[in-house]
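Student: Could you have a look at this structure, given as C-alpha cells, before my questions?
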Amino acid sequence: METVHLKINNIPVEVPQGYTILQAAKQANIEIPTLCYLKDINCIGACRVCMVEAKNRRGLLAACVYPAEEGLEVFTNTPAVIKSRKTTIELLLSNHKKKCLSCLRNNNCELQKLALEYGVDEDRFQSEEPIYEIDDLSPYIVRDNNKCINCMRCVAACKNVQSISVIGAIRRGFDAHVGSAFDKSLDNAPCVGCGQCVVSCPVGALTEKPQEDKVWDAIADPTKKVLFFTAPSIKATLGEAFDMPIGTNVEGKMAAAIKRLGENVSAFNMDFTADLTIIEEANELVERIKNGGTLPMFTSCCPGWVKFVEHYYPEMLPHLSTCKSPQAMFGAVLKGYYCQKNNIDPKDVFVVSVIPCTAKKFEATRPQLRSDENYDDVDVALTTRELARMIKRAGIDFTNLPEEDFDAPFNKATGGGAIFGATGGVLEAALRTAARILDGDFKKVDFEEVRGPEEVRVATYEVAGVTVKVAVTSGLGNARKLVEKVKSGEADYQMIEVMACPGGCINGGGQPTRSDSVSNYVDYKALRSKALYDYDKNAEFRVCDDSPVIKMIYDEFFEAPGKEKAHHYLHTSYTARDKYYK
Amino acid sequence: MTLEELNNIKKEYEELVMVRKVVKEEGEKLAANTGYRKQVLVCGGTGCTSSGSKKVLAALDEALKENGIENEIHVVRTGCFGLCSLGPIMIVYPEGSFYSQATPEGVKRIVKEHLKEGNVVKELLYKETVKDDGTIISLSETNFYKKQLRIALRNCGVIDPEDINEYIATDGYQALAKALTTMTPDEVIQEVLDSGLRGRGGGGFPTGRKWMFAKASKGDIKYVCCNADEGDPGAFMDRSILEGDPQCIIEAMAIAGYAIGAQRGFVYVRAEYPIAVNRLSIALEQAREKGFLGENILGTGFNFDIEIRLGAGAFVCGEETALMTSIEGNRGEPRPRPPFPAVKGLFGKPTVLNNVETYANIAQIILKGSKWYSSMGTETSKGTKVFALGGKITNVGLVEIPMGTTLREIIEEIGGGIPNGKKFKAAQTGGPSGGCIPAEHIDTPIDYDSLLAIGSMMGSGGMIILDEDSCMVDIAKFYLEFTVDESCGKCTPCRVGTRRLLQYLDKITQGKGEPEDLEKIEELAQHMQKSSLCALGQTAPNPILSTMKFFRQEYVDHIYNKTCAAGVCKSLIKYEIIADKCKGCTLCARNCPANAITGKVREPHVIDTDKCIKCGVCMSNCKFGAIRTV
Amino acid sequence: MADKSLPEFKGTPEQEKKLLEVIEQNKDLPGALLPVLHEAQEIYGYLPIEVQQKVADGLNVSLSEVYGVATFYSRFSLTPKGKHKISVCLGTACYVKGADKVLAEVEKKLGIKSGECTSDGLFSIDSCRCVGACGLAPVMMIDEEVYGKLTPAEVDKILDKYIAEEGGSN
C-alpha cells in the first residue's frame with residue numbers, strides 16, 4: 001500500500017494514501033472536532049468545525065475531507081483554528097433553539113459538547129426566533145427543525161444508507177432546511193420509520209416520539225398489570241446508557257431494573273417470541289419449499305423492512321413471511337394466552353415492549369396485528385433510550401443492581417432467539433430449526449457463513465436431500481439491490497433475511513445515542529453483536545425448538561405450528577401502500 | 001470537411017465580411033466584388049432587441065422593398081456592438097455610418113436618403129461620430145472605441161452569428177485546423193500556458209495549467225465544460241459573446257478537448273439568456289453539419305461534441321464544482337476541493353472548465369501565437385479584459401481593454417464621464433465577490449493583482465460606476481442581500497454568516513448601529529473568508545470590507561451621527577421645507593398620505609418629522625424645489 | 001403540523017402526454033432532472049406536486065430529491081404564474097438606477113407583492129437578477145418583452161396598456 005508522510009502538530013505521521021487529515025490526526029492521537037462528518041455515511045465538509053491550518057495553504061482546511069498529502073504540515077490547535085471553530089459554533093447556536101434543559105439530547109449532544117469545549121458565547125450573534133413547526137404527527141419520530149444544524153447526516157442516512165430519501169435538503173441559503181417533499185409531515189410521507197436519521201443526528205432535531213409518560217401512568221394505576229418484555233438486542237446495548245462498555249451484556253440487571261419500576265410490573269424475555277417466530281417461520285419455509293409456495297421467502301420481523309416493501313415493492317408482498325414479528329407475537333400471547341390462562345380482562349393489562357427501534361412504535365399501531373379488534377396487542381413500544389430514562393427517573397442504581405431472572409412463565413429462551421438482534425441471526429436460528437424439521441438428526445448449530453458485516457452474505461446448505469440457498473442483508477439500500485436481483489431472476493434463494501438497519505437491531509434507530517467519538521472510531525456494531533453471539537454460545541438451549549417455554553405454549557395453547565389458533569394469533573397480512581404518501 | 005473545403009468557404013465569404021472591417025476606400029473596392037452595394041448591420045443583441053431592433057429590422061426590410069433596392073443591400077443581424085444604451089444600433093458599410101437609437105421612421109429616411117440616394121442622414125448618426133465641423137469620423141475613432149482592443153469581442157457586431165460561413169470568413173476554425181493537423185496536444189497546452197491567459201470568470205487561474213492538469217489525469221473519459229452561467233449582476237459579456245460569436249466558443253472547446261483528450265463538452269448557460277441559447281443551438285447545429293463537431297473532425301480522427309445545459313437561477317452555480325453538481329442533476333451545491341475538477345470533475349471524470357470569455361481568446365492565441373498574446377497587458381495579466389460598464393456613466397456598454405488600462409481611462413475617456421455633472425465616487429468591480437475602488441485609486445491599472453491588492457477583484461467583469469448619490473453602506477447591503485439570497489446553504493460560515501452580516505448592516509442603515517458593530521463585522525467577515533467552503537462564501541464579505549476600508553467615515557456617520565450623507569438610508573433622512581422657496585401652494589400638504597405637512601395658504605409650510613413616513617411624495621410634487629432631504 | 005394546502009391541479013391530458021414524452025426522451029440522459037424540470041415548467045407553467053411525482057417516477061429519483069432541486073433554483077416555481085409574467089430586474093446596474101422604485105410601482109399598481117399572482121390570474125410579479133440589459137437600466141420584462149429606461153410613470157403607462165388589452169379589469 002502506498003503511504004504518505006506528513007506532520008500534524010509537528011508529530012510525524014505515516015498513513016495510507018487516501019486518508020484524510022482527520023484520519024491521519026486520529027492515528028497520531030490528535031482529536032479534531034466534527035459535526036457533519038459521520039463515518040461511511042456523510043463526508044461533505046459542510047459544517048466547518050473541523051478546520052485546521054497547514055503550512056503554505058491559504059485559508060483553513062476542512063480536515064474531514066482534505067487529503068493527507070505528502071509533506072503537509074498541519075496544525076490543529078492554533079489561535080486561528082480555535083477562533084474559527086468557536087465562531088462557527090456560535091453561528092450555529094444563533095440559529096438553534098437553545099432549549100437544552102428540556103431537550104432529550106441534553107448532556108448527550110455534540111453541539112453542546114463543543115460549545116462547552118470552546119467556551120462559546122451563545123448570544124454573540126442575534127438569534128432567530130423558531131420558525132419551523134415541529135413535526136410530531138407520526139407515532140415514532142419527532143422532527144424539530146429549529147434545532148437542526150443542517151449537517152445533513154440524517155439526509156445521508158436516509159439516502160445513502162437506506163436508499164429511501166424521504167427527507168432531503170429543501171430551499172437554499174439561510175432558508176435551507178431538512179424535510180420531506182412539499183414539507184409534508186413524516187406521517188404523510190413514505191417513511192419506513194427505521195430511525196437511522198435519529199441515531200445519525202448530532203443534536204436534538206430528531207428524536208423518537210417519547211412515550212414513557214403513558215407507561216408511568218399505567219404503572220401508577222393499581223388496576224393495571226404492566227407487562228414489559230425486552231427485545232433480544234436490548235441486553236447488549238442498554239448498558240451504554242449507563243456508561244458501561246459497549247457490548248456489555250446486562251440482561252440480569254435489566255430484568256431487575258424493570259421489576260423495580262413498580263409493584264405491578266412484570267419483566268418478560270422477548271427472546272421467547274423470537275423462538276416462537278422461528279418455529280412458525282421455519283415451518284412456513286419448509287411448507288413453501290415443499291408445496292411450491294412463493295419463494296424466496298423474506299423474513300418479516302423487521303417493521304422498517306416490512307413498511308419498505310409495502311411502499312416501494314408492493315408486488316413483492318407475497319414473498320414476505322406471514323409470521324408476525326416477535327413483538328407482535330408477544331402482544332398476542334399476552335393479551336390472548338396469558339390473559340385467558342390467568343383469567344384477566346385484557347383491558348386490565350398494559351403491554352409494554354422494549355425495542356431497539358422506532359419503526360416498532362409504528363408497528364404497534366398496525367390494525368392487522370390486533371388479535372382482538374377492540375384493542376392493540378402492544379400498548380406502548382419503548383425504545384432502549386426511553387427505558388433507560390425510566391430507569392434513571394425511578395432512581396434505580398443500574399450499574400450496581402444484582403442480576404435477576406425474567407418473570408415466569410416467559411423467562412426462558414434460546415440462543416437462537418437472542419441472536420435475532422444481529423444481522424443474520426434470524427436466518428441462522430431458522431436454519432437450525434428448519435434443518436431439524438427436514439432431518440431430525442441434523443447436528444450443525446453454528447452457521448457462521450451468514451454472520452458478519454458484509455453487505456450481503458449467501459450460503460447453500462444440503463439437508464436431507466434438499467438444497468437450501470439463503471441470503472442475508474441489512475440496510476435498506478442493500479436490501480433494495482437484493483430485491484432487484486430477485487425480481488430480475490438473478491437471485492434464486494429460498495430464504496432471505498432483511499433487517500432495515502445496517503448490522504441489524506443492535507444498530508436500530510431506538511438504540512442509545514452514540515457519541516461521534518464512538519460512531520466514527522469504534523466498531524460498535526461488532527462489539528454489540530459479539531455480546532449476542534457470546535450469549536448464544538453459552539446458552540443452555542441454542543435451537544429454538546428446545547426451549548421449554550415453546551414446548552409449553554404449543555402444548556397448552558397453539559397445538560402446532562401453522563394450525564388455526566397459531567394462525568390467528570401469530571400470523572398477519574400486509575397492506576400495499578403509496579409510493580408518495582402515508 | 002477537409003482543410004481545403006474550409007479554405008474555400010473562407011475565400012468565398014472573406015470579402016463580404018472584410019467590407020465591415022477595413023477603412024472606407026478599400027471597403028468600397030471590396031464591396032464591388034461582393035455583389036452588394038452596401039451592407040447594413042443591425043444589432044440583434046439582448047440590449048438592442050429590448051429597445052426595439054426587431055421593429056427596426058422589419059421597417060428596414062419593408063423600406064428596402066419599397067425603394068426596390070433589396071437586392072443591392074445586404075442586411076446582417078449581428079450580435080452586440082457594445083454601446084447598449086444607444087440601441088437599437090444600425091451601421092452602414094462600406095462607409096461605416098453609425099446610426100444610434102434607430103426608429104422605424106428614421107430607418108425609412110435612411111433607406112431612401114442614404115442607401116438609395118447616397119446621402120448620409122447626419123442628424124440620425126451617433127453624435128460622437130459627427131465632428132463640430134460636420135465631418136464624419138468612423139466608429140473606431142470615437143472615444144468609446146478608440147482605447148478598446150477587441151480580441152474576445154472581435155466578431156461581435158461584425159458577423160452574422162447565425163451563419164457559420166461568416167465566422168469561417170474571419171479565420172474561424174483555422175485555429176482548430178492548425179491544432180489538429182500541426183500541433184500535439186502538449187504543444188497546444190504549451191501555447192496556452194505561454195500566452196499567460198488567465199481565467200476570465202473571476203479567479204484568474206492560469207488556463208494552460210488547468211489544461212495541463214486535466215491532460216495529466218488518467219482516464220478514458222474526460223469532459224470540457226464552458227461556464228456561461230453569468231450570474232454576477234451587472235455583467236453581460238458572456239451573453240454578448242454567445243449572442244455575437246457563438247462559434248468561437250465551440251472552436252475553443254474543441255481545441256481544449258483535443259488538448260486534454262476529451263470527447264464531450266457541456267455549455268452550462270443561464271436560462272435567462274434565451275437569445276444566447278438559441279444562437280448557440282444554431283451554431284452547434286451548423287458546426288455539426290460542417291463537421292467541426294462529431295466524428296473524425298477535419299479527417300484527423302478526433303471526435304468531439306457539445307451539449308447545452310440550462311442553469312435555473314442559482315448564482316452559486318458559477319462556482320466550478322457547483323456547476324458540475326448542477327449538470328449532474330442535483331442541487332447546485334459546491335463540493336470540497338481537492339479533488340480538483342481536473343482530477344475528478346463532472347460525473348467524477350477529469351474535467352476542464354473555463355468561462356466564455358476565456359474560451360473566446362483561445363482560437364486567436366493558437367492562430368497568432370502566445371508571443372503575440374503575451375505582448376499585450378501587464379506583467380502578470382496578459383491580453384485584454386471585457387468589462388460591462390454600467391451605473392452612473394455616460395456610455396453604458398461593453399468594452400474590451402488591454403490589461404493595465406487605468407480606471408480613469410475607462411471612466412473618463414471610454415465611458416464618457418459621469419452624467420449630470422455629478423462627482424465620481426467609486427467603481428464597483430467583481431460584483432458580490434468584489435469591492436469598491438474609490439476616487440483615490442482611480443489611476444490603478446486594471447489587472448488581477450492590482451485589483452486584489454486594493455481589496456476588490458476582477459470578477460467576471462461587471463463594473464458599476466457610483467456617483468455621490470450612492471450610499472456606500474447601502475451598496476454593501478445590496479450585495480449582502482444578494483449573497484444571502486444566493487448562498488447555497490451548505491456550509492455554516494456562509495449560510496449563517498451572510499445573514500448575520502446583513503443583520504449588522506440592517507441595524508446600521510436603520511440608525512441602530514453601535515460603535516462595536518464595526519469590529520464585530522470585521523471579525524465575522526474574516527471568519528467567512530477563511531472558513532467558508534467555496535469562493536461564494538469566502539468572498540461574500542468583500543463588498544463590506546472594501547467599503548469599510550475606503551469609506552469608513554460613512555459607516556461612522558451612520559453609527560455615531562445617525563446620518564446618511566447620500567440621502568439614501570430612509571431611516572436616517574428627514575424631509576424639510578426650505579422656507580424661502582416655499583410659496584405656500586398647499587400641494588404637498590394635500591398629497592401627504594400621513595398628514596404630516598401643515599401651513600397656511602401662501603405661507604411657508606412645515607413638515608412634522610414625527611408624523612412623516614418619508615415616502616417622498618411631497619418632494620416629487622413640489623413645483624418649486626422647496627423640499628429637501630437632510 | 002398540518003400539510004400546507006396546495007392550489008388545485010388543473011393539468012390536461014395533453015400536458016401529461018407531453019410531459020411523459022419529455023421524460024421518455026431524457027430518462028437515460030445523465031443529470032436529466034434539471035432539463036426535465038425546465039420542460040415540465042414550460043408545459044405546466046409551474047411545478048405542482050402532481051408533476052413532480054411524475055418526474056420522480058419517470059426518472060427513478062425520490063420525490064424529496066425532485067423537490068429539493070425544484071426549491072433550490074429560483075427559476076422553478078411551485079405556484080402558478082399569471083398569464084402575464086412581470087419580472088423586475090434588481091441587478092446592480094438597475095438597482096443604482098432606481099429599480100426598487102420600479103418594483104414598488106408595479107406592486108402598487110397591481111395590488112400584489114413580488115412573488116404573488118393577481119386573483120384573476122392575469123399578472124404575477126417577480127424580481128430577477130440582471131437580464132443583461134444593463135444599458136437600459138432600470139428594466140423589467142413582461143413575458144418575453146423587455147422594457148428599459150423605466151420611470152414609475154412609464155411603468156404605469158405600460159401596465160395600463162396590458163390591463164386595457166385584458167378588458168380593463170383590475
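In the C-alpha cells, the first chain shown is A, the next is B, and so on; residue numbers restart at 1 for each chain, and ligands run from 1 in the order shown.
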Leaving out Val139 in chain C and any residue of its chain fewer than 2 positions from it, which residues lie within 7 Å of it when counting only C-alpha atoms, given as a list in words?
Tutor: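 Listing them by chain and then by number gives Val88, Cys89, Cys94, Leu136, Ala137, Met141, Val146, Tyr147, Gly148, Lys149 and Leu150 of chain C.
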Student: Find the residues around range 94-97 of chain A up to 6 Å (only C-alpha atoms counted), leave out those fewer than 5 positions away in its own chain, and share them as a list of chain:residue names.
Tutor: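 Counting only C-alpha atoms, the residues come to A:Phe125, A:Ser127, A:Glu128, A:Asn146, A:Lys147.
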Student: Would you write out, as a tab-separated table, a table of all residues in chain A that have an atom no more than 7 Å from an atom of chain C, listing for each the closest atom pair and the distance in Å to one decimal, considering only C-alpha atoms and ordering rows by chain and rising residue number?
Tutor:
```
residue	atom	partner	partner_atom	distance
A:Glu133	CA	C:Met1	CA	6.0
A:Ile134	CA	C:Met1	CA	6.5
A:Asp135	CA	C:Met1	CA	5.5
A:Leu137	CA	C:Met1	CA	6.9
A:Ser165	CA	C:Ser62	CA	6.0
A:Val166	CA	C:Ser64	CA	5.9
A:Ile167	CA	C:Ser64	CA	6.1
A:Gly168	CA	C:Ser64	CA	5.7
A:Ala169	CA	C:Gly68	CA	5.5
A:Ile170	CA	C:Gly68	CA	4.5
A:Arg171	CA	C:Thr71	CA	4.6
A:Arg172	CA	C:Phe72	CA	5.3
A:Ser180	CA	C:Ser64	CA	5.6
A:Ala181	CA	C:Ser64	CA	4.3
A:Phe182	CA	C:Tyr67	CA	6.8
A:Lys184	CA	C:Asp3	CA	5.3
A:Ser185	CA	C:Met1	CA	6.7
```
Student: Using only C-alpha atoms, please write the residues we just selected to a file, as an mmCIF file, in the first residue's frame.
Tutor:
```
data_model
loop_
_atom_site.group_PDB
_atom_site.id
_atom_site.type_symbol
_atom_site.label_atom_id
_atom_site.label_comp_id
_atom_site.auth_asym_id
_atom_site.auth_seq_id
_atom_site.Cartn_x
_atom_site.Cartn_y
_atom_site.Cartn_z
ATOM 1 C CA GLU A 133 -43.386 23.792 13.018
ATOM 2 C CA ILE A 134 -42.459 20.697 14.973
ATOM 3 C CA ASP A 135 -43.398 17.513 13.148
ATOM 4 C CA LEU A 137 -47.595 13.627 13.839
ATOM 5 C CA SER A 165 -34.621 9.701 0.501
ATOM 6 C CA VAL A 166 -37.827 10.514 2.282
ATOM 7 C CA ILE A 167 -36.100 13.527 3.738
ATOM 8 C CA GLY A 168 -33.795 15.821 1.876
ATOM 9 C CA ALA A 169 -32.499 19.361 1.726
ATOM 10 C CA ILE A 170 -35.114 21.930 0.755
ATOM 11 C CA ARG A 171 -34.678 25.516 -0.485
ATOM 12 C CA ARG A 172 -31.325 27.203 -0.238
ATOM 13 C CA SER A 180 -39.820 15.615 3.192
ATOM 14 C CA ALA A 181 -41.197 16.575 -0.199
ATOM 15 C CA PHE A 182 -43.547 19.566 -0.084
ATOM 16 C CA LYS A 184 -45.165 17.191 4.492
ATOM 17 C CA SER A 185 -45.129 15.509 7.852
#
```
Student: From the set C:Pro30, C:Pro7, C:Gly98, C:Gly82, which residue has the shortest atom-to-atom contact distance to Glu116 in chain C, counting only C-alpha atoms?
Tutor: C:Gly82
Student: Using only C-alpha atoms, what table do you get, as a Markdown table, when you list each residue of chain A with an atom no more than 10 Å from chain B, its nearest pair of atoms, and their distance in Å rounded to one decimal, rows by chain then rising number?
Tutor:
```
| residue | atom | partner | partner_atom | distance |
| --- | --- | --- | --- | --- |
| A:Cys36 | CA | B:Cys491 | CA | 9.9 |
| A:Cys43 | CA | B:Pro336 | CA | 9.9 |
| A:Ile44 | CA | B:Pro336 | CA | 7.2 |
| A:Gly45 | CA | B:Pro336 | CA | 6.4 |
| A:Ala46 | CA | B:Cys491 | CA | 4.3 |
| A:Cys47 | CA | B:Cys491 | CA | 5.4 |
| A:Arg48 | CA | B:Thr492 | CA | 6.6 |
| A:Val49 | CA | B:Thr492 | CA | 8.9 |
| A:Cys50 | CA | B:Ser531 | CA | 9.9 |
| A:Met51 | CA | B:Ser531 | CA | 7.2 |
| A:Val52 | CA | B:Ser531 | CA | 9.6 |
| A:Arg58 | CA | B:Lys530 | CA | 8.0 |
| A:Gly59 | CA | B:Lys530 | CA | 4.5 |
| A:Leu60 | CA | B:Lys530 | CA | 5.7 |
| A:Leu61 | CA | B:Ser531 | CA | 7.6 |
| A:Ala62 | CA | B:Ser531 | CA | 8.2 |
| A:Val65 | CA | B:Pro336 | CA | 7.0 |
| A:Tyr66 | CA | B:Pro338 | CA | 6.7 |
| A:Pro67 | CA | B:Pro338 | CA | 7.5 |
| A:Ala80 | CA | B:His527 | CA | 9.2 |
| A:Val81 | CA | B:Ser531 | CA | 9.4 |
| A:Lys83 | CA | B:His527 | CA | 8.3 |
| A:Ser84 | CA | B:His527 | CA | 6.1 |
| A:Arg85 | CA | B:Ser531 | CA | 9.0 |
| A:Thr87 | CA | B:His527 | CA | 7.4 |
| A:Thr88 | CA | B:Pro493 | CA | 6.3 |
| A:Ile89 | CA | B:Thr492 | CA | 8.8 |
| A:Glu90 | CA | B:Val496 | CA | 9.9 |
| A:Leu91 | CA | B:Val496 | CA | 6.1 |
| A:Leu92 | CA | B:Thr492 | CA | 6.9 |
| A:Leu93 | CA | B:Val496 | CA | 9.9 |
| A:Ser94 | CA | B:Val496 | CA | 8.2 |
| A:Asn95 | CA | B:Val496 | CA | 7.6 |
| A:Arg124 | CA | B:Lys520 | CA | 9.5 |
| A:Phe125 | CA | B:Arg500 | CA | 7.0 |
| A:Gln126 | CA | B:Arg500 | CA | 7.4 |
| A:Ser127 | CA | B:Arg500 | CA | 9.1 |
| A:Ile149 | CA | B:Thr492 | CA | 8.5 |
| A:Asn150 | CA | B:Lys490 | CA | 7.5 |
| A:Cys151 | CA | B:Lys490 | CA | 8.3 |
| A:Met152 | CA | B:Lys490 | CA | 9.0 |
| A:Ala169 | CA | B:Arg331 | CA | 8.7 |
| A:Ile170 | CA | B:Arg331 | CA | 9.3 |
| A:Arg171 | CA | B:Cys488 | CA | 8.5 |
| A:Arg172 | CA | B:Cys488 | CA | 5.0 |
| A:Gly173 | CA | B:Gly489 | CA | 3.7 |
| A:Phe174 | CA | B:Arg495 | CA | 5.2 |
| A:Asp175 | CA | B:Gly489 | CA | 7.6 |
| A:Ala176 | CA | B:Gly489 | CA | 5.7 |
| A:His177 | CA | B:Gly489 | CA | 8.7 |
```
Student: Kindly provide the residues of chain B that approach chain C to within 8 Å, each paired with its closest atom pair and their distance in Å to one decimal, based on only C-alpha atoms, listed by chain and increasing number, as JSON lines.
Tutor:
```
{"residue": "B:Thr46", "atom": "CA", "partner": "C:Ala133", "partner_atom": "CA", "distance": 6.4}
{"residue": "B:Gly47", "atom": "CA", "partner": "C:Ala133", "partner_atom": "CA", "distance": 4.9}
{"residue": "B:Ser50", "atom": "CA", "partner": "C:Val146", "partner_atom": "CA", "distance": 4.9}
{"residue": "B:Ser51", "atom": "CA", "partner": "C:Gly148", "partner_atom": "CA", "distance": 7.1}
{"residue": "B:Leu83", "atom": "CA", "partner": "C:Gly135", "partner_atom": "CA", "distance": 7.6}
{"residue": "B:Cys84", "atom": "CA", "partner": "C:Gly135", "partner_atom": "CA", "distance": 4.8}
{"residue": "B:Ser85", "atom": "CA", "partner": "C:Gly135", "partner_atom": "CA", "distance": 4.4}
{"residue": "B:Gly231", "atom": "CA", "partner": "C:Arg129", "partner_atom": "CA", "distance": 7.8}
{"residue": "B:Pro233", "atom": "CA", "partner": "C:Gly91", "partner_atom": "CA", "distance": 4.8}
{"residue": "B:Gly234", "atom": "CA", "partner": "C:Ala93", "partner_atom": "CA", "distance": 5.4}
{"residue": "B:Ala235", "atom": "CA", "partner": "C:Gly132", "partner_atom": "CA", "distance": 6.8}
{"residue": "B:Phe236", "atom": "CA", "partner": "C:Gly132", "partner_atom": "CA", "distance": 5.2}
{"residue": "B:Arg239", "atom": "CA", "partner": "C:Gly132", "partner_atom": "CA", "distance": 7.5}
{"residue": "B:Glu272", "atom": "CA", "partner": "C:Val131", "partner_atom": "CA", "distance": 6.6}
{"residue": "B:Tyr273", "atom": "CA", "partner": "C:Val131", "partner_atom": "CA", "distance": 7.4}
{"residue": "B:Arg309", "atom": "CA", "partner": "C:Pro35", "partner_atom": "CA", "distance": 7.2}
{"residue": "B:Leu310", "atom": "CA", "partner": "C:Pro35", "partner_atom": "CA", "distance": 7.1}
{"residue": "B:Ala312", "atom": "CA", "partner": "C:Arg75", "partner_atom": "CA", "distance": 5.1}
{"residue": "B:Gly313", "atom": "CA", "partner": "C:Ser74", "partner_atom": "CA", "distance": 5.0}
{"residue": "B:Ala314", "atom": "CA", "partner": "C:Tyr73", "partner_atom": "CA", "distance": 5.5}
{"residue": "B:Ser326", "atom": "CA", "partner": "C:Leu34", "partner_atom": "CA", "distance": 7.8}
{"residue": "B:Ile327", "atom": "CA", "partner": "C:Gly31", "partner_atom": "CA", "distance": 5.9}
{"residue": "B:Glu328", "atom": "CA", "partner": "C:Gly31", "partner_atom": "CA", "distance": 4.0}
{"residue": "B:Gly329", "atom": "CA", "partner": "C:Gly31", "partner_atom": "CA", "distance": 3.9}
{"residue": "B:Asn330", "atom": "CA", "partner": "C:Val69", "partner_atom": "CA", "distance": 6.1}
{"residue": "B:Arg331", "atom": "CA", "partner": "C:Val69", "partner_atom": "CA", "distance": 5.0}
{"residue": "B:Gly332", "atom": "CA", "partner": "C:Phe72", "partner_atom": "CA", "distance": 7.6}
{"residue": "B:Gly390", "atom": "CA", "partner": "C:Ala93", "partner_atom": "CA", "distance": 5.7}
{"residue": "B:Gly391", "atom": "CA", "partner": "C:Ala93", "partner_atom": "CA", "distance": 5.0}
{"residue": "B:Lys392", "atom": "CA", "partner": "C:Val96", "partner_atom": "CA", "distance": 7.8}
{"residue": "B:Val396", "atom": "CA", "partner": "C:Gly135", "partner_atom": "CA", "distance": 5.2}
{"residue": "B:Gly397", "atom": "CA", "partner": "C:Gly135", "partner_atom": "CA", "distance": 5.8}
{"residue": "B:Ile464", "atom": "CA", "partner": "C:Ala93", "partner_atom": "CA", "distance": 6.5}
{"residue": "B:Leu466", "atom": "CA", "partner": "C:Val96", "partner_atom": "CA", "distance": 7.8}
{"residue": "B:Ser470", "atom": "CA", "partner": "C:Val96", "partner_atom": "CA", "distance": 7.6}
{"residue": "B:Cys488", "atom": "CA", "partner": "C:Phe72", "partner_atom": "CA", "distance": 7.9}
```
Student: Would you save the residues from that selection as a short mmCIF file (atom, residue, chain, number, x, y, z; two decimals), in the first residue's frame, using N, CA and C atoms?
Tutor:
```
data_model
loop_
_atom_site.label_atom_id
_atom_site.label_comp_id
_atom_site.auth_asym_id
_atom_site.auth_seq_id
_atom_site.Cartn_x
_atom_site.Cartn_y
_atom_site.Cartn_z
N THR B 46 -29.33 41.29 -26.93
CA THR B 46 -30.45 41.46 -25.99
C THR B 46 -30.77 42.93 -25.73
N GLY B 47 -29.72 43.75 -25.61
CA GLY B 47 -29.94 45.17 -25.31
C GLY B 47 -30.73 45.83 -26.40
N SER B 50 -34.25 44.64 -26.89
CA SER B 50 -35.14 45.26 -25.92
C SER B 50 -35.54 46.66 -26.34
N SER B 51 -34.61 47.37 -26.95
CA SER B 51 -35.01 48.73 -27.34
C SER B 51 -35.63 48.77 -28.73
N LEU B 83 -22.39 49.29 -27.39
CA LEU B 83 -22.95 50.56 -26.91
C LEU B 83 -24.45 50.43 -26.64
N CYS B 84 -24.77 49.63 -25.65
CA CYS B 84 -26.15 49.21 -25.47
C CYS B 84 -27.11 50.36 -25.19
N SER B 85 -26.61 51.40 -24.53
CA SER B 85 -27.54 52.46 -24.16
C SER B 85 -27.98 53.27 -25.37
N GLY B 231 -23.60 35.03 -13.59
CA GLY B 231 -24.57 35.41 -12.57
C GLY B 231 -24.29 36.73 -11.92
N PRO B 233 -24.42 40.18 -11.10
CA PRO B 233 -25.38 41.17 -11.61
C PRO B 233 -24.62 42.37 -12.17
N GLY B 234 -24.94 42.75 -13.37
CA GLY B 234 -24.25 43.88 -13.97
C GLY B 234 -23.19 43.46 -14.97
N ALA B 235 -23.00 42.15 -15.14
CA ALA B 235 -22.04 41.68 -16.12
C ALA B 235 -22.78 40.95 -17.22
N PHE B 236 -22.44 41.27 -18.48
CA PHE B 236 -23.15 40.56 -19.56
C PHE B 236 -22.25 40.31 -20.76
N ARG B 239 -22.81 36.74 -22.21
CA ARG B 239 -24.02 36.70 -23.02
C ARG B 239 -23.76 37.32 -24.39
N GLU B 272 -31.91 32.41 -18.42
CA GLU B 272 -32.39 33.79 -18.58
C GLU B 272 -31.87 34.43 -19.86
N TYR B 273 -31.07 33.70 -20.61
CA TYR B 273 -30.48 34.24 -21.84
C TYR B 273 -31.04 33.54 -23.07
N ARG B 309 -26.56 22.71 -21.45
CA ARG B 309 -27.38 22.51 -20.27
C ARG B 309 -27.78 23.88 -19.72
N LEU B 310 -29.03 23.99 -19.35
CA LEU B 310 -29.52 25.28 -18.86
C LEU B 310 -29.42 25.39 -17.36
N ALA B 312 -30.66 27.29 -13.81
CA ALA B 312 -32.04 27.51 -13.41
C ALA B 312 -32.15 28.59 -12.34
N GLY B 313 -31.20 29.53 -12.39
CA GLY B 313 -31.32 30.65 -11.46
C GLY B 313 -30.68 30.37 -10.12
N ALA B 314 -29.40 30.09 -10.13
CA ALA B 314 -28.66 29.96 -8.88
C ALA B 314 -27.26 30.49 -9.14
N SER B 326 -24.64 20.69 -10.56
CA SER B 326 -25.89 21.07 -11.21
C SER B 326 -26.08 20.32 -12.53
N ILE B 327 -25.03 20.23 -13.35
CA ILE B 327 -25.14 19.47 -14.60
C ILE B 327 -25.50 18.01 -14.29
N GLU B 328 -24.99 17.53 -13.17
CA GLU B 328 -25.29 16.14 -12.80
C GLU B 328 -26.73 15.97 -12.34
N GLY B 329 -27.47 17.07 -12.26
CA GLY B 329 -28.90 16.98 -11.97
C GLY B 329 -29.24 17.18 -10.50
N ASN B 330 -28.34 17.81 -9.76
CA ASN B 330 -28.59 17.97 -8.33
C ASN B 330 -28.75 19.44 -7.95
N ARG B 331 -29.02 19.64 -6.65
CA ARG B 331 -28.95 20.97 -6.09
C ARG B 331 -27.52 21.46 -6.32
N GLY B 332 -27.40 22.69 -6.77
CA GLY B 332 -26.08 23.19 -7.13
C GLY B 332 -25.22 23.56 -5.94
N GLY B 390 -21.44 49.98 -16.33
CA GLY B 390 -22.83 50.34 -16.04
C GLY B 390 -22.92 51.29 -14.87
N GLY B 391 -24.12 51.61 -14.51
CA GLY B 391 -24.33 52.53 -13.40
C GLY B 391 -24.32 53.97 -13.86
N LYS B 392 -23.71 54.83 -13.05
CA LYS B 392 -23.76 56.27 -13.33
C LYS B 392 -22.62 56.67 -14.27
N VAL B 396 -22.90 53.60 -21.31
CA VAL B 396 -23.12 52.29 -20.71
C VAL B 396 -22.92 51.25 -21.80
N GLY B 397 -22.17 50.21 -21.50
CA GLY B 397 -22.00 49.19 -22.53
C GLY B 397 -20.84 48.27 -22.25
N ILE B 464 -19.53 48.72 -12.11
CA ILE B 464 -20.63 49.63 -11.86
C ILE B 464 -20.07 50.93 -11.30
N LEU B 466 -20.36 54.44 -9.48
CA LEU B 466 -21.22 55.07 -8.48
C LEU B 466 -20.87 56.54 -8.36
N SER B 470 -24.75 57.78 -4.22
CA SER B 470 -24.78 56.42 -3.69
C SER B 470 -24.25 56.39 -2.26
N CYS B 488 -25.81 28.86 -1.06
CA CYS B 488 -26.48 27.58 -1.27
C CYS B 488 -26.96 27.01 0.06
#
```
